[in-house]
>>> print(open('target-v7.cif').read())   # mmCIF, C-alpha atoms and all ligand atoms
data_structure
loop_
_atom_site.label_atom_id
_atom_site.label_comp_id
_atom_site.auth_asym_id
_atom_site.auth_seq_id
_atom_site.Cartn_x
_atom_site.Cartn_y
_atom_site.Cartn_z
CA MET A 1 57.91 3.84 -178.33
CA THR A 2 55.45 6.45 -179.67
CA MET A 3 56.20 9.44 -181.84
CA SER A 4 54.71 12.90 -182.30
CA LEU A 5 53.99 14.38 -185.74
CA PRO A 6 57.11 15.35 -187.71
CA TYR A 7 57.92 19.06 -187.78
CA LYS A 8 59.64 19.83 -191.07
CA ALA A 9 62.02 22.76 -191.46
CA LEU A 10 63.34 23.92 -194.83
CA VAL A 11 66.26 26.27 -194.34
CA PRO A 12 68.34 27.75 -197.17
CA ALA A 13 72.07 27.89 -197.54
CA ASN A 14 73.38 31.43 -197.77
CA ILE A 15 76.30 32.67 -199.81
CA ALA A 16 78.41 35.22 -197.97
CA PHE A 17 79.24 38.39 -199.88
CA LEU A 18 81.24 39.68 -196.90
CA LYS A 19 82.80 36.60 -195.32
CA TYR A 20 82.70 35.52 -191.70
CA TRP A 21 86.21 34.23 -191.26
CA GLY A 22 87.93 33.75 -187.91
CA LYS A 23 86.47 33.73 -184.41
CA ARG A 24 87.25 35.92 -181.42
CA ASP A 25 85.76 33.34 -179.09
CA VAL A 26 84.82 29.76 -179.92
CA LYS A 27 82.65 29.12 -176.87
CA THR A 28 80.29 32.01 -177.60
CA GLN A 29 80.78 31.76 -181.38
CA TRP A 30 81.97 35.35 -181.44
CA PRO A 31 83.03 36.16 -185.02
CA ALA A 32 86.14 38.18 -185.79
CA ASN A 33 84.20 40.47 -188.11
CA HIS A 34 80.82 41.53 -189.49
CA SER A 35 79.50 39.51 -192.42
CA LEU A 36 76.75 39.80 -195.01
CA SER A 37 75.05 37.20 -197.17
CA MET A 38 72.35 36.36 -199.67
CA SER A 39 69.97 33.53 -198.77
CA LEU A 40 69.47 31.06 -201.61
CA ALA A 41 66.22 29.62 -202.95
CA GLN A 42 67.10 26.11 -204.21
CA SER A 43 70.05 25.06 -202.04
CA VAL A 44 68.13 23.98 -198.99
CA THR A 45 68.41 21.56 -196.06
CA THR A 46 65.17 19.77 -195.18
CA THR A 47 65.03 18.43 -191.64
CA SER A 48 62.12 16.67 -189.94
CA ALA A 49 62.09 16.19 -186.19
CA ARG A 50 59.66 14.43 -183.89
CA VAL A 51 59.63 13.60 -180.23
CA LEU A 52 60.35 9.95 -179.43
CA VAL A 53 58.39 9.10 -176.29
CA GLY A 54 60.22 6.49 -174.18
CA ALA A 55 63.55 6.80 -176.03
CA SER A 56 66.89 7.17 -174.26
CA GLU A 57 68.87 8.84 -177.08
CA HIS A 58 68.35 11.10 -180.07
CA GLN A 59 68.38 9.43 -183.49
CA ILE A 60 69.70 11.45 -186.42
CA SER A 61 69.64 10.15 -190.00
CA PHE A 62 71.30 11.92 -192.90
CA SER A 63 69.89 11.06 -196.35
CA GLY A 64 68.32 7.92 -194.86
CA THR A 65 71.45 6.63 -193.07
CA LEU A 66 71.71 6.64 -189.28
CA VAL A 67 74.44 9.04 -188.13
CA GLU A 68 76.71 7.73 -185.33
CA ARG A 69 77.53 10.08 -182.48
CA THR A 70 81.21 9.39 -183.07
CA SER A 71 81.30 10.38 -186.77
CA SER A 72 82.56 13.86 -187.66
CA PHE A 73 79.06 15.12 -188.56
CA GLY A 74 77.52 13.13 -185.66
CA ARG A 75 79.74 14.76 -183.04
CA LYS A 76 78.60 18.22 -184.08
CA ALA A 77 74.95 17.40 -184.75
CA TYR A 78 74.27 15.44 -181.52
CA ALA A 79 76.21 18.03 -179.49
CA HIS A 80 73.97 20.72 -181.00
CA LEU A 81 70.81 18.80 -180.06
CA ASP A 82 72.19 18.34 -176.51
CA TYR A 83 72.88 22.09 -176.37
CA LEU A 84 69.38 22.96 -177.63
CA ALA A 85 67.71 20.53 -175.21
CA LYS A 86 69.59 22.13 -172.33
CA GLU A 87 68.68 25.65 -173.45
CA LEU A 88 65.01 24.69 -173.75
CA GLY A 89 65.07 22.70 -170.52
CA THR A 90 63.70 19.55 -172.16
CA GLN A 91 64.63 15.91 -171.56
CA ALA A 92 62.70 14.62 -174.60
CA TYR A 93 64.64 12.80 -177.30
CA LEU A 94 64.09 13.42 -180.98
CA GLN A 95 64.11 11.43 -184.17
CA VAL A 96 65.65 13.62 -186.86
CA ASN A 97 65.85 13.04 -190.62
CA THR A 98 67.86 15.47 -192.64
CA SER A 99 68.93 15.84 -196.26
CA ASN A 100 70.40 18.49 -198.52
CA SER A 101 69.24 19.45 -202.01
CA PHE A 102 72.92 19.98 -202.93
CA PRO A 103 76.37 18.43 -202.25
CA THR A 104 77.50 18.62 -198.63
CA GLY A 105 80.65 20.11 -197.08
CA CYS A 106 82.26 21.45 -200.26
CA GLY A 107 81.65 25.19 -200.17
CA ILE A 108 77.91 25.53 -200.68
CA ALA A 109 77.27 26.46 -197.04
CA SER A 110 75.71 23.17 -195.96
CA SER A 111 76.61 23.94 -192.35
CA ALA A 112 74.51 27.13 -192.48
CA SER A 113 71.40 25.43 -193.85
CA GLY A 114 72.07 22.22 -191.87
CA PHE A 115 72.35 23.76 -188.42
CA GLY A 116 69.59 26.24 -189.24
CA ALA A 117 67.20 23.42 -190.19
CA LEU A 118 68.23 21.22 -187.25
CA THR A 119 67.58 24.09 -184.85
CA LEU A 120 64.25 25.08 -186.36
CA ALA A 121 62.90 21.52 -186.62
CA ALA A 122 64.05 20.53 -183.12
CA VAL A 123 62.64 23.63 -181.42
CA ALA A 124 59.34 23.26 -183.33
CA ALA A 125 59.06 19.57 -182.33
CA TRP A 126 59.78 20.26 -178.68
CA GLN A 127 57.39 23.23 -178.60
CA GLN A 128 54.85 21.52 -180.89
CA ALA A 129 54.74 24.72 -182.93
CA ASP A 130 53.31 24.35 -186.41
CA SER A 131 54.59 27.59 -187.95
CA LEU A 132 57.19 30.32 -187.58
CA ASP A 133 54.40 32.64 -186.38
CA THR A 134 53.43 30.20 -183.62
CA LEU A 135 57.07 29.93 -182.58
CA GLU A 136 57.33 33.71 -182.51
CA LYS A 137 54.25 33.94 -180.25
CA MET A 138 55.93 31.44 -177.92
CA GLY A 139 58.97 33.73 -177.68
CA PHE A 140 61.08 31.95 -180.30
CA THR A 141 61.60 34.91 -182.60
CA ARG A 142 63.80 34.53 -185.66
CA HIS A 143 66.51 36.38 -183.77
CA ARG A 144 66.33 33.88 -180.93
CA LEU A 145 66.31 30.88 -183.29
CA ALA A 146 69.26 32.38 -185.19
CA ALA A 147 71.21 32.83 -181.95
CA LEU A 148 70.56 29.18 -181.04
CA ALA A 149 71.58 27.94 -184.51
CA ARG A 150 74.74 30.07 -184.44
CA MET A 151 76.13 27.85 -181.69
CA GLY A 152 76.20 24.94 -184.19
CA SER A 153 77.49 26.93 -187.16
CA GLY A 154 78.12 30.68 -187.09
CA SER A 155 76.96 31.35 -190.63
CA SER A 156 73.62 29.58 -190.01
CA CYS A 157 72.30 32.61 -188.12
CA ARG A 158 72.07 34.49 -191.45
CA SER A 159 69.80 31.80 -192.96
CA PHE A 160 66.78 32.77 -190.84
CA TRP A 161 65.73 35.49 -193.27
CA GLY A 162 65.35 35.58 -197.03
CA GLY A 163 67.06 38.17 -199.21
CA TYR A 164 70.13 39.92 -197.84
CA VAL A 165 71.20 39.63 -194.22
CA SER A 166 73.95 41.14 -192.17
CA TRP A 167 75.48 39.68 -188.98
CA LYS A 168 77.03 42.42 -186.90
CA VAL A 169 79.08 42.39 -183.74
CA ASP A 170 79.28 45.27 -181.33
CA GLU A 171 82.44 45.01 -179.29
CA THR A 172 81.41 47.79 -176.90
CA THR A 173 77.99 46.40 -175.90
CA GLY A 174 79.05 42.77 -176.27
CA GLU A 175 75.98 42.11 -178.45
CA GLN A 176 75.56 40.38 -181.78
CA GLU A 177 72.88 41.64 -184.10
CA LEU A 178 71.24 40.24 -187.23
CA VAL A 179 69.87 42.78 -189.65
CA HIS A 180 67.48 41.89 -192.44
CA LEU A 181 68.88 44.43 -194.89
CA PHE A 182 66.71 43.81 -197.96
CA SER A 183 64.08 41.24 -198.90
CA ASP A 184 64.45 38.89 -201.89
CA GLU A 185 62.15 41.19 -203.85
CA HIS A 186 64.54 44.11 -203.56
CA TRP A 187 67.00 42.68 -206.09
CA ASP A 188 66.74 39.40 -207.99
CA LEU A 189 70.36 38.26 -208.01
CA ALA A 190 71.19 34.80 -209.33
CA ASP A 191 73.89 32.40 -208.12
CA THR A 192 75.21 29.75 -210.50
CA ILE A 193 77.44 27.35 -208.59
CA ALA A 194 80.10 25.65 -210.70
CA ILE A 195 80.87 22.30 -209.10
CA PHE A 196 84.51 21.27 -209.35
CA SER A 197 84.30 18.87 -206.44
CA ALA A 198 81.27 17.47 -204.66
CA SER A 199 83.43 15.65 -202.08
CA GLU A 200 83.57 16.76 -198.50
CA LYS A 201 86.55 19.03 -197.85
CA LYS A 202 89.50 17.55 -195.96
CA VAL A 203 89.97 20.48 -193.57
CA SER A 204 86.73 21.57 -191.92
CA SER A 205 86.00 25.29 -191.81
CA SER A 206 85.66 25.00 -187.98
CA LYS A 207 89.35 24.06 -187.87
CA ALA A 208 90.52 26.58 -190.49
CA HIS A 209 88.64 29.44 -188.72
CA LEU A 210 90.95 28.98 -185.73
CA ASP A 211 94.10 29.26 -187.85
CA ALA A 212 93.07 32.63 -189.34
CA TRP A 213 94.86 34.61 -186.61
CA SER A 214 98.20 33.14 -187.64
CA SER A 215 98.01 34.76 -191.10
CA PRO A 216 99.92 38.05 -191.43
CA LEU A 217 97.08 39.20 -193.71
CA PHE A 218 94.36 38.74 -191.11
CA GLU A 219 94.72 41.88 -188.97
CA PRO A 220 94.96 44.18 -192.04
CA ARG A 221 91.85 42.45 -193.40
CA LEU A 222 89.92 43.14 -190.19
CA ALA A 223 90.98 46.79 -190.27
CA GLY A 224 89.37 47.26 -193.70
CA ILE A 225 86.15 45.27 -193.16
CA GLY A 226 83.98 48.19 -191.96
CA GLU A 227 84.62 50.21 -195.09
CA LYS A 228 84.00 47.23 -197.35
CA GLU A 229 80.75 46.45 -195.55
CA GLU A 230 79.50 49.99 -196.07
CA GLN A 231 80.38 49.89 -199.77
CA MET A 232 78.60 46.55 -200.18
CA ILE A 233 75.45 47.75 -198.44
CA ASN A 234 75.41 50.88 -200.64
CA ALA A 235 75.84 48.75 -203.77
CA LEU A 236 73.03 46.43 -202.67
CA ARG A 237 70.75 49.35 -201.84
CA ASP A 238 71.45 50.93 -205.27
CA LYS A 239 71.26 47.55 -207.05
CA ASP A 240 74.60 48.41 -208.60
CA LEU A 241 76.35 45.23 -209.75
CA SER A 242 79.27 47.16 -211.27
CA ALA A 243 80.03 48.34 -207.70
CA LEU A 244 79.13 45.10 -205.89
CA GLY A 245 80.85 42.67 -208.29
CA PRO A 246 84.48 43.79 -207.81
CA LEU A 247 83.90 43.86 -204.04
CA LEU A 248 82.61 40.27 -204.13
CA GLU A 249 85.67 39.04 -206.00
CA GLN A 250 88.16 40.94 -203.87
CA GLU A 251 86.50 39.71 -200.66
CA ALA A 252 86.52 36.05 -201.73
CA LEU A 253 90.18 36.22 -202.78
CA GLU A 254 91.09 38.01 -199.55
CA MET A 255 89.49 35.25 -197.44
CA HIS A 256 91.31 32.58 -199.44
CA ALA A 257 94.59 34.52 -199.15
CA VAL A 258 94.14 34.48 -195.34
CA MET A 259 93.47 30.73 -195.42
CA MET A 260 96.49 30.06 -197.61
CA SER A 261 98.87 32.26 -195.63
CA ALA A 262 97.79 30.85 -192.23
CA LYS A 263 99.85 28.35 -190.28
CA PRO A 264 99.06 25.63 -191.10
CA SER A 265 98.10 26.76 -194.55
CA THR A 266 94.78 25.61 -196.00
CA CYS A 267 94.09 25.79 -199.71
CA TYR A 268 90.50 25.00 -200.68
CA LEU A 269 90.90 26.13 -204.29
CA SER A 270 91.82 23.69 -207.04
CA SER A 271 93.57 24.41 -210.32
CA GLU A 272 90.13 24.09 -211.98
CA SER A 273 88.72 26.79 -209.67
CA ILE A 274 91.52 29.18 -210.59
CA SER A 275 91.23 28.58 -214.31
CA PHE A 276 87.44 29.06 -214.14
CA ILE A 277 87.90 32.40 -212.38
CA SER A 278 90.24 33.63 -215.08
CA TRP A 279 87.86 32.34 -217.78
CA LEU A 280 85.00 34.29 -216.16
CA ARG A 281 87.05 37.49 -216.03
CA LYS A 282 87.98 37.12 -219.72
CA LEU A 283 84.34 36.45 -220.59
CA ARG A 284 83.33 39.63 -218.79
CA GLN A 285 85.95 41.65 -220.65
CA LYS A 286 85.05 40.16 -224.01
CA THR A 287 81.25 40.20 -223.83
CA GLY A 288 80.49 42.76 -221.11
CA LEU A 289 78.44 40.11 -219.27
CA ALA A 290 78.09 41.41 -215.70
CA ALA A 291 78.88 38.19 -213.82
CA TYR A 292 81.24 38.08 -210.84
CA PHE A 293 82.54 35.26 -208.67
CA THR A 294 82.56 34.63 -205.00
CA ILE A 295 83.85 31.51 -203.24
CA ASP A 296 83.04 29.82 -199.96
CA ALA A 297 85.32 27.44 -198.06
CA GLY A 298 85.66 25.00 -200.95
CA PRO A 299 86.77 24.71 -204.59
CA ASN A 300 83.37 25.46 -206.09
CA ILE A 301 82.75 28.85 -207.65
CA HIS A 302 79.59 30.89 -207.14
CA VAL A 303 78.87 33.20 -210.06
CA ILE A 304 76.63 36.11 -209.18
CA CYS A 305 74.72 37.97 -211.89
CA GLU A 306 71.29 39.48 -212.38
CA GLN A 307 68.58 36.90 -213.03
CA GLN A 308 68.01 38.24 -216.57
CA ASP A 309 71.65 37.39 -217.48
CA GLN A 310 71.74 33.90 -215.98
CA SER A 311 70.73 31.96 -219.11
CA LYS A 312 73.36 33.81 -221.20
CA LEU A 313 75.93 32.89 -218.53
CA HIS A 314 74.82 29.24 -218.70
CA SER A 315 75.14 29.05 -222.46
CA GLU A 316 78.68 30.50 -222.23
CA ILE A 317 79.58 27.97 -219.51
CA LYS A 318 78.17 25.11 -221.61
CA LYS A 319 80.20 26.21 -224.65
CA CYS A 320 83.52 26.15 -222.76
CA TYR A 321 82.81 23.62 -219.99
CA PRO A 322 80.40 21.11 -221.58
CA GLN A 323 80.99 18.52 -218.83
CA LEU A 324 80.70 20.88 -215.89
CA ASP A 325 77.90 20.37 -213.36
CA PHE A 326 76.41 23.54 -212.03
CA ILE A 327 73.61 24.42 -209.63
CA VAL A 328 71.18 27.08 -210.74
CA ASP A 329 70.11 29.19 -207.81
CA HIS A 330 69.01 32.70 -206.93
CA VAL A 331 68.02 34.84 -203.97
CA GLY A 332 65.37 33.16 -201.85
CA LYS A 333 62.65 33.85 -199.32
CA GLY A 334 64.15 32.27 -196.21
CA PRO A 335 63.08 29.39 -193.98
CA GLN A 336 59.79 27.52 -193.86
CA LEU A 337 58.23 25.32 -191.21
CA VAL A 338 55.45 22.82 -191.84
CA VAL A 339 53.90 19.93 -189.93
CA GLU A 340 53.56 16.75 -191.96
CA ALA A 341 50.36 14.77 -191.57
CA HIS A 342 50.86 10.99 -191.13
O1 LIG B 1 79.56 28.76 -190.19
P1 LIG B 1 80.86 28.10 -190.45
O2 LIG B 1 81.61 27.84 -189.21
O3 LIG B 1 80.67 26.88 -191.30
O4 LIG B 1 81.77 29.11 -191.28
C1 LIG B 1 81.49 29.42 -192.61
C2 LIG B 1 82.39 30.46 -193.14
C3 LIG B 1 82.23 30.77 -194.61
O5 LIG B 1 81.20 30.01 -195.17
C4 LIG B 1 83.51 30.43 -195.35
C5 LIG B 1 81.95 32.24 -194.83
C6 LIG B 1 80.59 32.73 -194.43
O6 LIG B 1 80.48 33.86 -193.98
O7 LIG B 1 79.60 32.00 -194.64
#
>>> encode(input="target-v7.cif", output="structure tokens", more="lines below")
Ligand code: PMV
Amino acid sequence: MTMSLPYKALVPANIAFLKYWGKRDVKTQWPANHSLSMSLAQSVTTTSARVLVGASEHQISFSGTLVERTSSFGRKAYAHLDYLAKELGTQAYLQVNTSNSFPTGCGIASSASGFGALTLAAVAAWQQADSLDTLEKMGFTRHRLAALARMGSGSSCRSFWGGYVSWKVDETTGEQELVHLFSDEHWDLADTIAIFSASEKKVSSSKAHLDAWSSPLFEPRLAGIGEKEEQMINALRDKDLSALGPLLEQEALEMHAVMMSAKPSTCYLSSESISFISWLRKLRQKTGLAAYFTIDAGPNIHVICEQQDQSKLHSEIKKCYPQLDFIVDHVGKGPQLVVEAH
């Protein structure tokens, strides 16, 4: 069996400010609402893919361990490769190695970076494209790559740009659109992720998405999303954290209220998450530190502040939570693609 050079994709996780929660259609990955996120710099999935000549199956390894097709991650990852191969009309099998720079499946958007990196590396290996520019010249624009990745994980489509990205749906034209709202240089926001659990969550977000419609809070949430989106975009444009921050907190709590009031009910928050949130709010009141939380589908809390305030935030966290692990991150530049020499 011979192998081509490995095509290495580095794709960031993104933290949603306006959350994608609920799907109108699973088959087309049609989201229930618009969403908006910030791409991160340090929380990244690195995936290398190369064509295996003479092989009769793909081989995916995660952090050095072979992933079985029948495992929960394997089912999704191999199915995504099968989908991509069909879309690209290729029969070639790939060897894929993937790893995350951060804990997986616990609310740090590993599915966004994971499916983004799998898509980018696989397409590059099949097309033998050594850069994003080469892919673009071959017709694989970021929009096209994002649309392919979205079929593995909806939120991954926002990871194809750095800075601040919006994922819009137009019910009348039946189109989905990704808008690169602002680059990372527009506003240097930081994300400090307080880790209360690094274990994989028990209920996957794919499952909990489907239950959203059973929550009595879901339809009212959808009715107010457009207005919230506009307010968030204005706050981002004006770099106004006193306007953005309360929206971030309200949006995260609203998504978790939908999850908790769905049938069956899913609660991703732990008692530690809740007490950290109230600590942060007290800290803000007491010191005036402009730091606000948002939360993904997990118990870990993302604290958003301006980069210049991040070290002050860390010293406050260390004073009150000396044992707490946290990830230090900030807005990033988006994906990268490189070819590794042997
Ligand atoms: O892309 P999925 O299916 O893993 O859904 C992720 C949904 C949230 O992360 C909770 C919110 C979002 O918009 O990223």
>>> closest_residue(input="target-v7.cif", among="A:Ala109, A:Ala212, A:Ala341, A:Val179", to="ligand LIG 1 (chain B)", atoms="all atoms listed in the file")
A:Ala109
>>> closest_atom_pairs(input="target-v7.cif", of="chain A", to="ligand LIG 1 (chain B)", cutoff="8 Å", atoms="only C-alpha atoms and all ligand atoms", output="JSON lines")
{"residue": "A:Asn14", "atom": "CA", "partner": "B:LIG1", "partner_atom": "O7", "distance": 7.0}
{"residue": "A:Ile15", "atom": "CA", "partner": "B:LIG1", "partner_atom": "O7", "distance": 6.2}
{"residue": "A:Ala16", "atom": "CA", "partner": "B:LIG1", "partner_atom": "O6", "distance": 4.7}
{"residue": "A:Phe17", "atom": "CA", "partner": "B:LIG1", "partner_atom": "O6", "distance": 7.5}
{"residue": "A:Leu18", "atom": "CA", "partner": "B:LIG1", "partner_atom": "O6", "distance": 6.6}
{"residue": "A:Lys19", "atom": "CA", "partner": "B:LIG1", "partner_atom": "O6", "distance": 3.8}
{"residue": "A:Tyr20", "atom": "CA", "partner": "B:LIG1", "partner_atom": "O6", "distance": 3.6}
{"residue": "A:Trp21", "atom": "CA", "partner": "B:LIG1", "partner_atom": "C2", "distance": 5.7}
{"residue": "A:Ser35", "atom": "CA", "partner": "B:LIG1", "partner_atom": "O6", "distance": 5.9}
{"residue": "A:Leu36", "atom": "CA", "partner": "B:LIG1", "partner_atom": "O6", "distance": 7.1}
{"residue": "A:Ser37", "atom": "CA", "partner": "B:LIG1", "partner_atom": "O6", "distance": 7.1}
{"residue": "A:Gly107", "atom": "CA", "partner": "B:LIG1", "partner_atom": "O5", "distance": 7.0}
{"residue": "A:Ile108", "atom": "CA", "partner": "B:LIG1", "partner_atom": "O5", "distance": 7.8}
{"residue": "A:Ala109", "atom": "CA", "partner": "B:LIG1", "partner_atom": "O5", "distance": 5.6}
{"residue": "A:Ser110", "atom": "CA", "partner": "B:LIG1", "partner_atom": "O3", "distance": 7.8}
{"residue": "A:Ser111", "atom": "CA", "partner": "B:LIG1", "partner_atom": "O3", "distance": 5.1}
{"residue": "A:Ala112", "atom": "CA", "partner": "B:LIG1", "partner_atom": "O1", "distance": 5.8}
{"residue": "A:Arg150", "atom": "CA", "partner": "B:LIG1", "partner_atom": "O1", "distance": 7.6}
{"residue": "A:Gly152", "atom": "CA", "partner": "B:LIG1", "partner_atom": "O1", "distance": 7.9}
{"residue": "A:Ser153", "atom": "CA", "partner": "B:LIG1", "partner_atom": "O1", "distance": 4.1}
{"residue": "A:Gly154", "atom": "CA", "partner": "B:LIG1", "partner_atom": "O1", "distance": 3.9}
{"residue": "A:Ser155", "atom": "CA", "partner": "B:LIG1", "partner_atom": "O1", "distance": 3.7}
{"residue": "A:Ser156", "atom": "CA", "partner": "B:LIG1", "partner_atom": "O1", "distance": 6.0}
{"residue": "A:Ser205", "atom": "CA", "partner": "B:LIG1", "partner_atom": "O3", "distance": 5.6}
{"residue": "A:Ser206", "atom": "CA", "partner": "B:LIG1", "partner_atom": "O2", "distance": 5.1}
{"residue": "A:His209", "atom": "CA", "partner": "B:LIG1", "partner_atom": "O2", "distance": 7.2}
{"residue": "A:Met255", "atom": "CA", "partner": "B:LIG1", "partner_atom": "C4", "distance": 8.0}
{"residue": "A:Ile295", "atom": "CA", "partner": "B:LIG1", "partner_atom": "C4", "distance": 8.0}
{"residue": "A:Asp296", "atom": "CA", "partner": "B:LIG1", "partner_atom": "C4", "distance": 4.7}
{"residue": "A:Ala297", "atom": "CA", "partner": "B:LIG1", "partner_atom": "C4", "distance": 4.4}
>>> write_last_selection(input="target-v7.cif", atoms="C-alpha atoms", output="compact mmCIF listing (two decimals), in the frame of the given file")
# COMPACT_ATOMS: atom_id res chain seq x y z
CA ASN A 14 73.38 31.43 -197.77
CA ILE A 15 76.30 32.67 -199.81
CA ALA A 16 78.41 35.22 -197.97
CA PHE A 17 79.24 38.39 -199.88
CA LEU A 18 81.24 39.68 -196.90
CA LYS A 19 82.80 36.60 -195.32
CA TYR A 20 82.70 35.52 -191.70
CA TRP A 21 86.21 34.23 -191.26
CA SER A 35 79.50 39.51 -192.42
CA LEU A 36 76.75 39.80 -195.01
CA SER A 37 75.05 37.20 -197.17
CA GLY A 107 81.65 25.19 -200.17
CA ILE A 108 77.91 25.53 -200.68
CA ALA A 109 77.27 26.46 -197.04
CA SER A 110 75.71 23.17 -195.96
CA SER A 111 76.61 23.94 -192.35
CA ALA A 112 74.51 27.13 -192.48
CA ARG A 150 74.74 30.07 -184.44
CA GLY A 152 76.20 24.94 -184.19
CA SER A 153 77.49 26.93 -187.16
CA GLY A 154 78.12 30.68 -187.09
CA SER A 155 76.96 31.35 -190.63
CA SER A 156 73.62 29.58 -190.01
CA SER A 205 86.00 25.29 -191.81
CA SER A 206 85.66 25.00 -187.98
CA HIS A 209 88.64 29.44 -188.72
CA MET A 255 89.49 35.25 -197.44
CA ILE A 295 83.85 31.51 -203.24
CA ASP A 296 83.04 29.82 -199.96
CA ALA A 297 85.32 27.44 -198.06
>>> residues_around(input="target-v7.cif", residues="segment 270-287 of chain A", least_positions_apart="2", cutoff="8 Å", atoms="only C-alpha atoms", output="list in words")
Phe196, Cys267, Tyr268, Leu289, Ala290, Ala291, Tyr292, Phe293, Pro299, Asn300 and Ile301 of chain A
>>> closest_residue(input="target-v7.cif", among="A:Ala121, A:Leu217, A:Ala190, A:Ile327", to="Glu306 of chain A", atoms="all atoms listed in the file")
A:Ala190
>>> atom_distance(input="target-v7.cif", atom1="atom CA of Val96 of chain A", atom2="atom CA of Met151 of chain A")
18.4 Å
>>> residues_near_point(input="target-v7.cif", point="(77.6, 30.3, -221.8)", cutoff="12 Å", atoms="all atoms listed in the file", output="PDB file with C-alpha atoms, in the coordinates of the input")
ATOM      1  CA  THR A 192      75.210  29.750-210.500  1.00  0.00           C
ATOM      2  CA  TRP A 279      87.860  32.340-217.780  1.00  0.00           C
ATOM      3  CA  LEU A 280      85.000  34.290-216.160  1.00  0.00           C
ATOM      4  CA  LEU A 283      84.340  36.450-220.590  1.00  0.00           C
ATOM      5  CA  ARG A 284      83.330  39.630-218.790  1.00  0.00           C
ATOM      6  CA  THR A 287      81.250  40.200-223.830  1.00  0.00           C
ATOM      7  CA  LEU A 289      78.440  40.110-219.270  1.00  0.00           C
ATOM      8  CA  ALA A 291      78.880  38.190-213.820  1.00  0.00           C
ATOM      9  CA  ASP A 309      71.650  37.390-217.480  1.00  0.00           C
ATOM     10  CA  GLN A 310      71.740  33.900-215.980  1.00  0.00           C
ATOM     11  CA  SER A 311      70.730  31.960-219.110  1.00  0.00           C
ATOM     12  CA  LYS A 312      73.360  33.810-221.200  1.00  0.00           C
ATOM     13  CA  LEU A 313      75.930  32.890-218.530  1.00  0.00           C
ATOM     14  CA  HIS A 314      74.820  29.240-218.700  1.00  0.00           C
ATOM     15  CA  SER A 315      75.140  29.050-222.460  1.00  0.00           C
ATOM     16  CA  GLU A 316      78.680  30.500-222.230  1.00  0.00           C
ATOM     17  CA  ILE A 317      79.580  27.970-219.510  1.00  0.00           C
ATOM     18  CA  LYS A 318      78.170  25.110-221.610  1.00  0.00           C
ATOM     19  CA  LYS A 319      80.200  26.210-224.650  1.00  0.00           C
ATOM     20  CA  CYS A 320      83.520  26.150-222.760  1.00  0.00           C
ATOM     21  CA  TYR A 321      82.810  23.620-219.990  1.00  0.00           C
ATOM     22  CA  PRO A 322      80.400  21.110-221.580  1.00  0.00           C
ATOM     23  CA  LEU A 324      80.700  20.880-215.890  1.00  0.00           C
ATOM     24  CA  PHE A 326      76.410  23.540-212.030  1.00  0.00           C
TER      25      PHE A 326
END
>>> closest_residue(input="target-v7.cif", among="A:Ser131, A:Leu189, A:Glu230, A:Ser215", to="Ile304 of chain A", atoms="all atoms listed in the file")
A:Leu189
>>> closest_residue(input="target-v7.cif", among="A:Leu120, A:Val44, A:Met38, A:Ala79", to="Ile233 of chain A", atoms="only C-alpha atoms")
A:Met38
>>> closest_residue(input="target-v7.cif", among="A:Glu87, A:Glu175, A:Glu68, A:Glu340", to="Lys8 of chain A", atoms="all atoms listed in the file")
A:Glu340
>>> atom_distance(input="target-v7.cif", atom1="atom CA of Arg142 of chain A", atom2="atom CA of Ala13 of chain A")
15.9 Å
>>> closest_residue(input="target-v7.cif", among="A:Thr45, A:Gln127, A:Ser63, A:Thr28", to="Ser159 of chain A", atoms="only C-alpha atoms")
A:Thr45
>>> residues_around(input="target-v7.cif", residues="Phe62 of chain A", least_positions_apart="3", cutoff="9 Å", atoms="all atoms listed in the file", output="VMD selection string")
chain A and resid 65 to 67 96 to 100
>>> residues_around(input="target-v7.cif", residues="Leu248 of chain A", least_positions_apart="2", cutoff="7 Å", atoms="all atoms listed in the file", output="MDAnalysis selection string")
chainID A and resid 17 244:246 250:252 293:294
>>> atom_distance(input="target-v7.cif", atom1="atom CA of Pro6 of chain A", atom2="atom CA of Ala85 of chain A")
17.2 Å
>>> axis_aligned_box(input="target-v7.cif", around="segment 10-26 of chain A", padding_each_side="6 Å", output="JSON")
{"center_x": 75.6, "center_y": 31.8, "center_z": -189.5, "size_x": 36.6, "size_y": 27.8, "size_z": 32.8}
>>> residues_around(input="target-v7.cif", residues="Thr119 of chain A", least_positions_apart="3", cutoff="10 Å", atoms="all atoms listed in the file", output="compact mmCIF listing (two decimals) with C-alpha atoms, keeping the file's coordinate frame")
# COMPACT_ATOMS: atom_id res chain seq x y z
CA ALA A 9 62.02 22.76 -191.46
CA VAL A 11 66.26 26.27 -194.34
CA THR A 47 65.03 18.43 -191.64
CA ALA A 49 62.09 16.19 -186.19
CA ALA A 77 74.95 17.40 -184.75
CA HIS A 80 73.97 20.72 -181.00
CA LEU A 81 70.81 18.80 -180.06
CA LEU A 84 69.38 22.96 -177.63
CA SER A 113 71.40 25.43 -193.85
CA GLY A 114 72.07 22.22 -191.87
CA PHE A 115 72.35 23.76 -188.42
CA GLY A 116 69.59 26.24 -189.24
CA ALA A 122 64.05 20.53 -183.12
CA VAL A 123 62.64 23.63 -181.42
CA ALA A 124 59.34 23.26 -183.33
CA ALA A 125 59.06 19.57 -182.33
CA LEU A 145 66.31 30.88 -183.29
CA ALA A 146 69.26 32.38 -185.19
CA ALA A 147 71.21 32.83 -181.95
CA LEU A 148 70.56 29.18 -181.04
CA ALA A 149 71.58 27.94 -184.51
CA ARG A 150 74.74 30.07 -184.44
CA MET A 151 76.13 27.85 -181.69
CA GLY A 152 76.20 24.94 -184.19
CA SER A 156 73.62 29.58 -190.01
